[in-house]
$ cat final-v9.cif   # mmCIF, C-alpha atoms and all ligand atoms
data_final
#
loop_
_atom_site.label_atom_id
_atom_site.label_comp_id
_atom_site.auth_asym_id
_atom_site.auth_seq_id
_atom_site.Cartn_x
_atom_site.Cartn_y
_atom_site.Cartn_z
CA MET J 1 67.77 94.05 141.16
CA ILE J 2 68.22 97.82 141.50
CA VAL J 3 64.59 98.49 140.58
CA ARG J 4 63.45 95.95 143.21
CA LEU J 5 65.74 97.46 145.84
CA GLN J 6 64.54 100.98 145.12
CA ALA J 7 60.88 99.93 145.31
CA ALA J 8 61.48 98.09 148.60
CA PHE J 9 63.22 101.10 150.20
CA ARG J 10 60.46 103.43 149.03
CA ALA J 11 57.85 101.07 150.49
CA ALA J 12 59.75 101.19 153.80
CA GLY J 13 59.55 105.00 153.79
CA CYS J 14 63.21 105.58 152.78
CA ASP J 15 64.61 107.69 149.95
CA PRO J 16 66.50 105.07 147.84
CA ASP J 17 68.97 107.74 146.75
CA ARG J 18 69.91 108.75 150.31
CA LEU J 19 70.33 105.79 152.60
CA THR J 20 72.19 105.10 155.85
CA LEU J 21 74.33 102.04 156.59
CA ASP J 22 71.76 101.06 159.25
CA GLU J 23 68.94 101.10 156.68
CA ILE J 24 70.75 98.84 154.22
CA ALA J 25 72.29 96.39 156.71
CA GLY J 26 69.60 93.79 155.92
CA ILE J 27 70.61 93.56 152.27
CA ASP J 28 74.34 94.25 152.24
CA GLN J 29 75.71 91.91 154.92
CA LEU J 30 75.40 88.53 153.20
CA HIS J 31 77.30 86.59 155.87
CA LEU J 32 76.71 85.20 159.35
CA GLY J 33 77.08 87.75 162.12
CA GLY J 34 76.32 90.87 160.04
CA ARG J 35 78.34 93.99 160.75
CA ALA J 36 79.56 92.67 164.12
CA ALA J 37 81.35 89.82 162.33
CA SER J 38 82.99 92.26 159.90
CA ARG J 39 84.12 94.50 162.79
CA SER J 40 85.51 91.46 164.59
CA LEU J 41 87.57 90.51 161.51
CA ALA J 42 88.73 94.12 161.02
CA ALA J 43 89.94 94.21 164.64
CA LEU J 44 91.69 90.85 164.29
CA GLY J 45 93.44 92.12 161.15
CA GLU J 46 94.41 95.43 162.82
CA LEU J 47 93.16 97.51 159.89
CA ARG J 48 94.61 101.02 159.69
CA PRO J 49 93.22 104.17 158.01
CA GLY J 50 94.34 104.56 154.42
CA GLU J 51 94.96 100.86 153.82
CA ARG J 52 94.01 99.61 150.36
CA ILE J 53 91.64 96.67 150.54
CA LEU J 54 90.37 94.24 147.91
CA ASP J 55 86.99 92.79 148.99
CA VAL J 56 86.77 89.49 147.07
CA GLY J 57 83.24 88.16 146.43
CA CYS J 58 81.93 91.49 147.75
CA GLY J 59 78.26 90.76 147.00
CA THR J 60 76.26 93.99 147.40
CA GLY J 61 79.30 95.65 148.99
CA GLY J 62 78.43 95.79 152.70
CA ALA J 63 81.94 95.16 154.00
CA SER J 64 83.44 97.53 151.41
CA ARG J 65 81.25 100.35 152.76
CA LEU J 66 81.82 99.46 156.42
CA LEU J 67 85.62 99.40 155.98
CA ALA J 68 85.51 102.79 154.22
CA ALA J 69 83.11 104.43 156.69
CA GLU J 70 84.45 103.05 159.99
CA TYR J 71 88.12 102.31 159.28
CA GLY J 72 89.04 104.99 156.71
CA CYS J 73 90.19 102.42 154.13
CA THR J 74 89.84 102.63 150.36
CA VAL J 75 88.17 99.51 149.05
CA VAL J 76 87.79 97.85 145.68
CA GLY J 77 85.04 95.21 145.67
CA VAL J 78 85.07 92.45 143.08
CA ASP J 79 82.26 90.01 142.38
CA ILE J 80 81.35 87.65 139.55
CA THR J 81 77.63 88.53 139.71
CA ALA J 82 76.97 91.64 137.62
CA ALA J 83 73.68 92.47 139.37
CA PHE J 84 75.44 92.53 142.77
CA VAL J 85 78.17 94.81 141.42
CA SER J 86 75.57 97.27 140.07
CA ALA J 87 73.70 97.19 143.39
CA ALA J 88 76.97 97.71 145.30
CA GLU J 89 77.81 100.77 143.18
CA ARG J 90 74.34 102.24 143.65
CA LEU J 91 74.33 101.65 147.42
CA SER J 92 77.75 103.30 147.84
CA VAL J 93 76.49 106.37 145.96
CA ALA J 94 73.30 106.44 148.06
CA THR J 95 75.32 106.27 151.31
CA GLY J 96 77.85 108.92 150.22
CA LEU J 97 80.77 106.47 150.03
CA ALA J 98 81.35 106.36 146.26
CA GLU J 99 84.75 108.07 146.53
CA GLN J 100 86.16 105.45 148.90
CA ASN J 101 84.59 102.44 147.10
CA ARG J 102 85.01 101.09 143.61
CA PHE J 103 83.45 97.89 142.31
CA LEU J 104 84.19 95.65 139.39
CA CYS J 105 82.69 92.52 137.93
CA ALA J 106 85.27 89.72 137.54
CA ASP J 107 86.07 86.15 138.50
CA ALA J 108 88.24 86.08 141.63
CA ALA J 109 90.77 83.96 139.71
CA ARG J 110 91.30 86.62 137.01
CA ILE J 111 91.07 90.14 138.40
CA PRO J 112 92.07 92.84 135.89
CA LEU J 113 94.09 94.96 138.33
CA ALA J 114 97.82 95.68 138.69
CA GLY J 115 99.93 93.44 140.93
CA GLY J 116 100.98 94.65 144.39
CA ALA J 117 98.13 97.18 144.55
CA PHE J 118 96.60 96.11 147.90
CA ASP J 119 97.59 95.94 151.57
CA VAL J 120 94.75 93.58 152.47
CA ILE J 121 92.66 90.90 150.76
CA TRP J 122 89.30 90.68 152.54
CA CYS J 123 86.99 87.73 151.88
CA GLN J 124 83.78 86.87 153.74
CA HIS J 125 81.63 83.85 152.90
CA ALA J 126 82.72 83.56 149.28
CA LEU J 127 85.33 80.78 149.00
CA MET J 128 82.60 78.15 149.44
CA ASN J 129 81.27 79.34 146.07
CA MET J 130 84.62 78.87 144.34
CA SER J 131 85.77 75.57 142.82
CA HIS J 132 89.21 76.85 141.75
CA LEU J 133 90.91 77.73 145.07
CA PRO J 134 94.60 77.51 143.94
CA ALA J 135 93.96 79.95 141.08
CA VAL J 136 92.14 82.35 143.43
CA LEU J 137 94.95 82.24 146.02
CA ALA J 138 97.61 82.77 143.33
CA GLU J 139 95.71 85.89 142.29
CA TRP J 140 95.64 87.14 145.90
CA ARG J 141 99.39 86.62 146.15
CA ARG J 142 99.91 88.63 142.93
CA LEU J 143 97.64 91.48 144.01
CA LEU J 144 99.05 91.90 147.55
CA ALA J 145 102.00 94.18 148.30
CA PRO J 146 104.91 92.55 150.19
CA GLY J 147 103.86 91.85 153.80
CA GLY J 148 100.18 92.20 152.88
CA ARG J 149 97.48 90.35 154.83
CA VAL J 150 94.59 88.05 153.97
CA LEU J 151 91.53 88.45 156.24
CA LEU J 152 89.08 85.59 155.95
CA HIS J 153 85.64 84.91 157.45
CA GLU J 154 84.57 81.69 155.81
CA VAL J 155 82.28 78.71 155.91
CA VAL J 156 84.20 75.40 155.92
CA ALA J 157 83.16 71.75 156.00
CA GLY J 158 82.66 70.33 159.51
CA ASP J 159 83.57 66.91 160.90
CA ASN J 160 80.08 65.48 160.30
CA PRO J 161 80.21 63.89 156.81
CA GLU J 162 76.41 63.79 156.35
CA PRO J 163 75.14 65.62 153.25
CA LEU J 164 74.23 69.27 153.82
CA ALA J 165 70.60 70.19 154.35
CA LEU J 166 69.83 72.24 151.20
CA PRO J 167 69.18 74.88 150.02
CA VAL J 168 71.63 77.09 151.93
CA PRO J 169 72.33 80.76 151.12
CA TRP J 170 75.35 79.88 148.94
CA ALA J 171 73.96 76.81 147.13
CA ARG J 172 70.69 75.23 146.08
CA THR J 173 72.34 71.92 145.15
CA ALA J 174 75.42 69.99 146.29
CA ALA J 175 77.03 70.59 142.88
CA THR J 176 77.36 74.34 143.55
CA SER J 177 78.70 74.09 147.11
CA HIS J 178 82.51 74.03 147.22
CA LEU J 179 83.13 73.79 150.97
CA LYS J 180 86.70 73.00 151.94
CA ARG J 181 87.82 71.45 155.20
CA ARG J 182 89.72 73.85 157.48
CA GLU J 183 92.92 71.78 157.20
CA ALA J 184 92.74 71.76 153.39
CA LEU J 185 92.17 75.51 153.31
CA GLU J 186 95.16 76.07 155.60
CA VAL J 187 97.38 73.80 153.46
CA SER J 188 96.30 75.66 150.29
CA LEU J 189 97.01 79.05 151.90
CA ALA J 190 100.49 77.88 152.97
CA ALA J 191 101.19 76.49 149.48
CA ALA J 192 100.17 79.84 147.96
CA GLY J 193 102.64 81.73 150.18
CA PHE J 194 100.55 82.87 153.16
CA GLY J 195 101.52 82.21 156.79
CA PRO J 196 98.88 82.16 159.58
CA VAL J 197 98.86 85.03 162.09
CA CYS J 198 95.77 83.93 164.04
CA VAL J 199 92.80 81.73 163.20
CA HIS J 200 89.64 81.30 165.31
CA ASP J 201 86.67 78.96 165.06
CA VAL J 202 83.61 81.21 165.57
CA THR J 203 80.93 78.59 164.90
CA GLU J 204 79.13 78.99 168.24
CA THR J 205 78.78 82.77 167.84
CA ALA J 206 77.61 82.36 164.24
CA LEU J 207 75.02 79.73 165.21
CA ALA J 208 73.60 81.90 168.04
CA TRP J 209 73.34 84.84 165.61
CA ARG J 210 71.59 82.74 162.93
CA GLN J 211 69.13 81.30 165.47
CA LYS J 212 68.28 84.79 166.76
CA HIS J 213 67.76 86.12 163.22
CA GLY J 214 65.78 83.02 162.21
CA ARG J 215 63.29 83.71 165.03
CA ARG J 216 63.03 87.33 163.87
CA GLU J 217 62.51 86.34 160.20
CA ALA J 218 59.75 83.89 161.09
CA GLY J 219 58.02 86.38 163.42
CA ASP J 220 55.43 89.11 162.89
CA ALA J 221 56.31 91.96 160.55
CA PRO J 222 57.28 95.14 162.43
CA ALA J 223 55.47 98.37 161.49
CA ARG J 224 58.35 99.60 159.32
CA ARG J 225 60.01 96.63 157.65
CA LEU J 226 63.34 97.50 156.07
CA PRO J 227 64.40 95.33 153.10
CA GLY J 228 66.03 92.11 154.27
CA PRO J 229 67.97 89.17 152.80
CA ALA J 230 64.87 87.66 151.15
CA LEU J 231 65.11 90.52 148.65
CA ILE J 232 68.54 89.20 147.61
CA PHE J 233 68.16 85.43 148.09
CA GLY J 234 64.44 85.12 147.24
CA GLU J 235 61.52 83.77 149.24
CA GLU J 236 63.47 80.57 149.95
CA PHE J 237 65.64 82.58 152.33
CA VAL J 238 63.78 81.48 155.48
CA GLU J 239 64.36 77.83 154.52
CA MET J 240 68.01 78.56 153.60
CA GLY J 241 68.57 80.20 156.97
CA ARG J 242 66.92 77.32 158.83
CA ASN J 243 69.06 74.79 156.95
CA LEU J 244 72.20 76.79 157.66
CA ALA J 245 71.41 76.80 161.40
CA GLY J 246 70.76 73.04 161.23
CA ASN J 247 74.02 72.40 159.37
CA LEU J 248 75.96 74.47 161.93
CA ALA J 249 74.30 72.76 164.90
CA ALA J 250 74.95 69.29 163.44
CA GLY J 251 78.64 70.02 162.72
CA ARG J 252 78.25 69.71 158.94
CA VAL J 253 79.72 73.20 158.53
CA ARG J 254 81.91 75.42 160.70
CA ILE J 255 82.82 79.11 160.57
CA LEU J 256 86.37 80.47 160.68
CA GLU J 257 87.81 83.93 160.99
CA GLY J 258 91.51 84.47 160.57
CA VAL J 259 94.46 86.50 159.39
CA TRP J 260 97.31 85.31 157.18
CA ARG J 261 100.35 87.28 156.04
CA ARG J 262 102.12 87.10 152.70
CA THR J 263 105.44 85.35 153.28
CA ASP J 264 108.23 87.10 151.32
C1 LIG J 301 77.39 84.72 150.21
S1 LIG J 301 77.90 85.99 149.11
C2 LIG J 301 78.91 86.96 150.22
C3 LIG J 301 78.97 88.40 149.80
C4 LIG J 301 79.79 89.32 150.70
N1 LIG J 301 81.16 88.86 150.85
C5 LIG J 301 79.16 89.47 152.04
O1 LIG J 301 79.62 88.82 152.98
O2 LIG J 301 78.19 90.23 152.16
C6 LIG J 301 79.13 85.20 148.06
C7 LIG J 301 79.54 86.08 146.89
O3 LIG J 301 80.62 85.46 146.17
C8 LIG J 301 80.44 85.80 144.80
N2 LIG J 301 81.24 84.86 143.98
C9 LIG J 301 81.03 83.54 143.78
N3 LIG J 301 81.96 83.02 142.96
C10 LIG J 301 82.79 84.03 142.63
C11 LIG J 301 83.96 84.13 141.82
N4 LIG J 301 84.45 83.06 141.18
N5 LIG J 301 84.56 85.33 141.71
C12 LIG J 301 84.07 86.43 142.35
N6 LIG J 301 82.96 86.39 143.12
C13 LIG J 301 82.34 85.21 143.28
C14 LIG J 301 78.94 85.67 144.59
O4 LIG J 301 78.50 86.34 143.43
C15 LIG J 301 78.43 86.30 145.89
O5 LIG J 301 78.22 87.68 145.76
#
$ encode --input "final-v9.cif" --output "C-alpha cells"
Amino acid sequence: MIVRLQAAFRAAGCDPDRLTLDEIAGIDQLHLGGRAASRSLAALGELRPGERILDVGCGTGGASRLLAAEYGCTVVGVDITAAFVSAAERLSVATGLAEQNRFLCADAARIPLAGGAFDVIWCQHALMNMSHLPAVLAEWRRLLAPGGRVLLHEVVAGDNPEPLALPVPWARTAATSHLKRREALEVSLAAAGFGPVCVHDVTETALAWRQKHGRREAGDAPARRLPGPALIFGEEFVEMGRNLAGNLAAGRVRILEGVWRRTD
C-alpha cells in the first residue's frame, strides 16, 4: 500500500515524504463526514490538550493525526490491518506528527498495552467490522483511567430490516458486516460499565455529505487530483459510496455520535 500511496502522491505533484493534512485528507478519513465529523466528535467530547487517546480501528490514522495536530493530544492508533498501520506510521512521519502518534497492529479485543493508560477511547466507523463487541468493550474498560470517556462515531442498523445494498465501504458481503442496533449498542456499553453523557443521531448530516462527495467522485477529474478513497478501498469505491448513500436514505443504516463515561 505504501508504494501505491507514494506513487499516487508523486503523480499529484506532492513530495510523499512531506505532506500536509489537507493533501492526505482523501485517504486518511475513512468515515462519513471527513474531518468535520471528527472535529464535531472532539467538541462533543470536550477534548483537552495533553489527553491520552486510544484510536481504535484507526485505519490509516487520520483522526490520530487530527487530534494531535489540532487538539494537542497524544494518540495511539490500533488497527487489525497491518497495511493500514504501516501507512498510518508513514503518513504521521510525512506530516511531522510522529512524536505525538504511535500505531500498533492488534485486534481491538486484545490490545497489548497497560491498563488505565488512556483518558479517552476514540472509535469512528469500526465497530460495524467487529463481531465480538463485549470483548472489545471490556478491553476499553481495562485501558481507560477512572472517569475516562468513550467517544464514538459509528454506523448502526436502522429501522428498515431490508438487506443492505452491498458492497459498502466496510463489507463486501453480509457475513462481514456486524452492524448493531443503537439500542443494543447502548445496552452493551452500559453492561460494560459506561454511562451515556450525550448521544446524537447525525444520519441526515452524514447522508448530505455522502451525496455531495458521490457527485464529486462521479464527476470530471480536476487538473490536480489528490489521492482519494478509491486508493484505499479499490475501484469499487464509487459503487460502495452509492450503496452507502442508498442505505442511509432508506433507513437501513443510521449514524451516531456520542460520548460515554466510565462509571466507577
Ligand atoms: C472503515 S475503517 C475506519 C478507519 C478509521 N477509524 C477512520 O475513520 O478513518 C474500519 C477500520 O477498522 C479496522 N478493524 C476491523 N476490525 C478490527 C479489529 N477487530 N480490531 C482492530 N481494528 C479493526 C479495519 O482494519 C479498518 O481500518
$ atom_distance --input "final-v9.cif" --atom1 "CA of Pro229 in chain J" --atom2 "CA of Ser131 in chain J"
24.5 Å
$ closest_residue --input "final-v9.cif" --among "J:Ile53, J:Val197, J:Leu226, J:Leu166" --to "Ala11 in chain J" --atoms "all atoms listed in the file"
J:Leu226
$ residues_near_ligand --input "final-v9.cif" --ligand "ligand LIG 301 (chain J)" --cutoff "6 Å" --atoms "all atoms listed in the file" --output "list of chain:residue names"
J:Asp28, J:Gln29, J:Leu30, J:His31, J:Gly57, J:Cys58, J:Gly59, J:Gly62, J:Asp79, J:Ile80, J:Thr81, J:Ala106, J:Asp107, J:Ala108, J:Gln124, J:His125, J:Ala126, J:Asn129, J:Met130, J:Trp170
$ write_last_selection --input "final-v9.cif" --atoms "C-alpha atoms" --output "PDB file, in the coordinates of the input"
ATOM      1  CA  ASP J  28      74.340  94.250 152.240  1.00  0.00           C
ATOM      2  CA  GLN J  29      75.710  91.910 154.920  1.00  0.00           C
ATOM      3  CA  LEU J  30      75.400  88.530 153.200  1.00  0.00           C
ATOM      4  CA  HIS J  31      77.300  86.590 155.870  1.00  0.00           C
ATOM      5  CA  GLY J  57      83.240  88.160 146.430  1.00  0.00           C
ATOM      6  CA  CYS J  58      81.930  91.490 147.750  1.00  0.00           C
ATOM      7  CA  GLY J  59      78.260  90.760 147.000  1.00  0.00           C
ATOM      8  CA  GLY J  62      78.430  95.790 152.700  1.00  0.00           C
ATOM      9  CA  ASP J  79      82.260  90.010 142.380  1.00  0.00           C
ATOM     10  CA  ILE J  80      81.350  87.650 139.550  1.00  0.00           C
ATOM     11  CA  THR J  81      77.630  88.530 139.710  1.00  0.00           C
ATOM     12  CA  ALA J 106      85.270  89.720 137.540  1.00  0.00           C
ATOM     13  CA  ASP J 107      86.070  86.150 138.500  1.00  0.00           C
ATOM     14  CA  ALA J 108      88.240  86.080 141.630  1.00  0.00           C
ATOM     15  CA  GLN J 124      83.780  86.870 153.740  1.00  0.00           C
ATOM     16  CA  HIS J 125      81.630  83.850 152.900  1.00  0.00           C
ATOM     17  CA  ALA J 126      82.720  83.560 149.280  1.00  0.00           C
ATOM     18  CA  ASN J 129      81.270  79.340 146.070  1.00  0.00           C
ATOM     19  CA  MET J 130      84.620  78.870 144.340  1.00  0.00           C
ATOM     20  CA  TRP J 170      75.350  79.880 148.940  1.00  0.00           C
TER      21      TRP J 170
END
$ closest_atom_pairs --input "final-v9.cif" --of "range 86-185 of chain J" --to "range 237-259 of chain J" --cutoff "7 Å" --atoms "all atoms listed in the file" --output "CSV"
residue,atom,partner,partner_atom,distance
J:Arg149,CA,J:Val259,CA,6.7
J:Val150,CA,J:Val259,CA,5.6
J:Leu151,CA,J:Val259,CA,4.7
J:Leu152,CA,J:Gly258,CA,5.3
J:His153,CA,J:Glu257,CA,4.3
J:Glu154,CA,J:Leu256,CA,5.3
J:Val155,CA,J:Ile255,CA,4.7
J:Val156,CA,J:Arg254,CA,5.3
J:Ala157,CA,J:Val253,CA,4.5
J:Gly158,CA,J:Val253,CA,4.2
J:Asp159,CA,J:Gly251,CA,6.1
J:Asn160,CA,J:Arg252,CA,4.8
J:Pro161,CA,J:Arg252,CA,6.5
J:Glu162,CA,J:Arg252,CA,6.7
J:Leu164,CA,J:Asn247,CA,6.4
J:Ala165,CA,J:Asn243,CA,5.5
J:Leu166,CA,J:Asn243,CA,6.3
J:Pro167,CA,J:Met240,CA,5.3
J:Val168,CA,J:Met240,CA,4.2
J:Pro169,CA,J:Met240,CA,5.4
$ closest_residue --input "final-v9.cif" --among "J:Ala69, J:Leu47, J:Leu137, J:Leu54" --to "Ala114 in chain J" --atoms "only C-alpha atoms"
J:Leu54
$ residues_near_point --input "final-v9.cif" --point "(95.2, 98.6, 149.3)" --cutoff "9 Å" --atoms "all atoms listed in the file" --output "PyMOL selection string"
chain J and resi 50-54+73-76+116-121+144-145+148
$ write_last_selection --input "final-v9.cif" --atoms "C-alpha atoms" --output "short mmCIF file (atom, residue, chain, number, x, y, z; two decimals), keeping the file's coordinate frame"
data_model
loop_
_atom_site.label_atom_id
_atom_site.label_comp_id
_atom_site.auth_asym_id
_atom_site.auth_seq_id
_atom_site.Cartn_x
_atom_site.Cartn_y
_atom_site.Cartn_z
CA GLY J 50 94.34 104.56 154.42
CA GLU J 51 94.96 100.86 153.82
CA ARG J 52 94.01 99.61 150.36
CA ILE J 53 91.64 96.67 150.54
CA LEU J 54 90.37 94.24 147.91
CA CYS J 73 90.19 102.42 154.13
CA THR J 74 89.84 102.63 150.36
CA VAL J 75 88.17 99.51 149.05
CA VAL J 76 87.79 97.85 145.68
CA GLY J 116 100.98 94.65 144.39
CA ALA J 117 98.13 97.18 144.55
CA PHE J 118 96.60 96.11 147.90
CA ASP J 119 97.59 95.94 151.57
CA VAL J 120 94.75 93.58 152.47
CA ILE J 121 92.66 90.90 150.76
CA LEU J 144 99.05 91.90 147.55
CA ALA J 145 102.00 94.18 148.30
CA GLY J 148 100.18 92.20 152.88
#
$ residues_around --input "final-v9.cif" --residues "Val93 in chain J" --least-positions-apart "4" --cutoff "12 Å" --atoms "all atoms listed in the file" --output "JSON, numbers by chain"
{"J": [16, 17, 18, 19, 20, 21, 61, 65, 86, 87, 88, 89, 97, 98, 99, 100, 101, 102, 103]}
$ axis_aligned_box --input "final-v9.cif" --around "range 45-53 of chain J" --padding-each-side "8 Å" --output "AutoDock Vina command-line options"
--center_x 93.3 --center_y 98.3 --center_z 156.6 --size_x 19.3 --size_y 28.4 --size_z 28.5
$ residues_near_point --input "final-v9.cif" --point "(73.5, 87.6, 160.4)" --cutoff "7 Å" --atoms "only C-alpha atoms" --output "PyMOL selection string"
chain J and resi 31-34+209-210+213
$ write_last_selection --input "final-v9.cif" --atoms "C-alpha atoms" --output "short mmCIF file (atom, residue, chain, number, x, y, z; two decimals), in the coordinates of the input"
data_model
loop_
_atom_site.label_atom_id
_atom_site.label_comp_id
_atom_site.auth_asym_id
_atom_site.auth_seq_id
_atom_site.Cartn_x
_atom_site.Cartn_y
_atom_site.Cartn_z
CA HIS J 31 77.30 86.59 155.87
CA LEU J 32 76.71 85.20 159.35
CA GLY J 33 77.08 87.75 162.12
CA GLY J 34 76.32 90.87 160.04
CA TRP J 209 73.34 84.84 165.61
CA ARG J 210 71.59 82.74 162.93
CA HIS J 213 67.76 86.12 163.22
#
$ closest_residue --input "final-v9.cif" --among "J:Gly234, J:Gly45, J:Gly115, J:Pro227" --to "Trp140 in chain J" --atoms "only C-alpha atoms"
J:Gly115
$ closest_residue --input "final-v9.cif" --among "J:Tyr71, J:Trp260, J:Phe84, J:Phe233" --to "Arg141 in chain J" --atoms "only C-alpha atoms"
J:Trp260
$ atom_distance --input "final-v9.cif" --atom1 "CA of Leu66 in chain J" --atom2 "CA of His200 in chain J"
21.7 Å
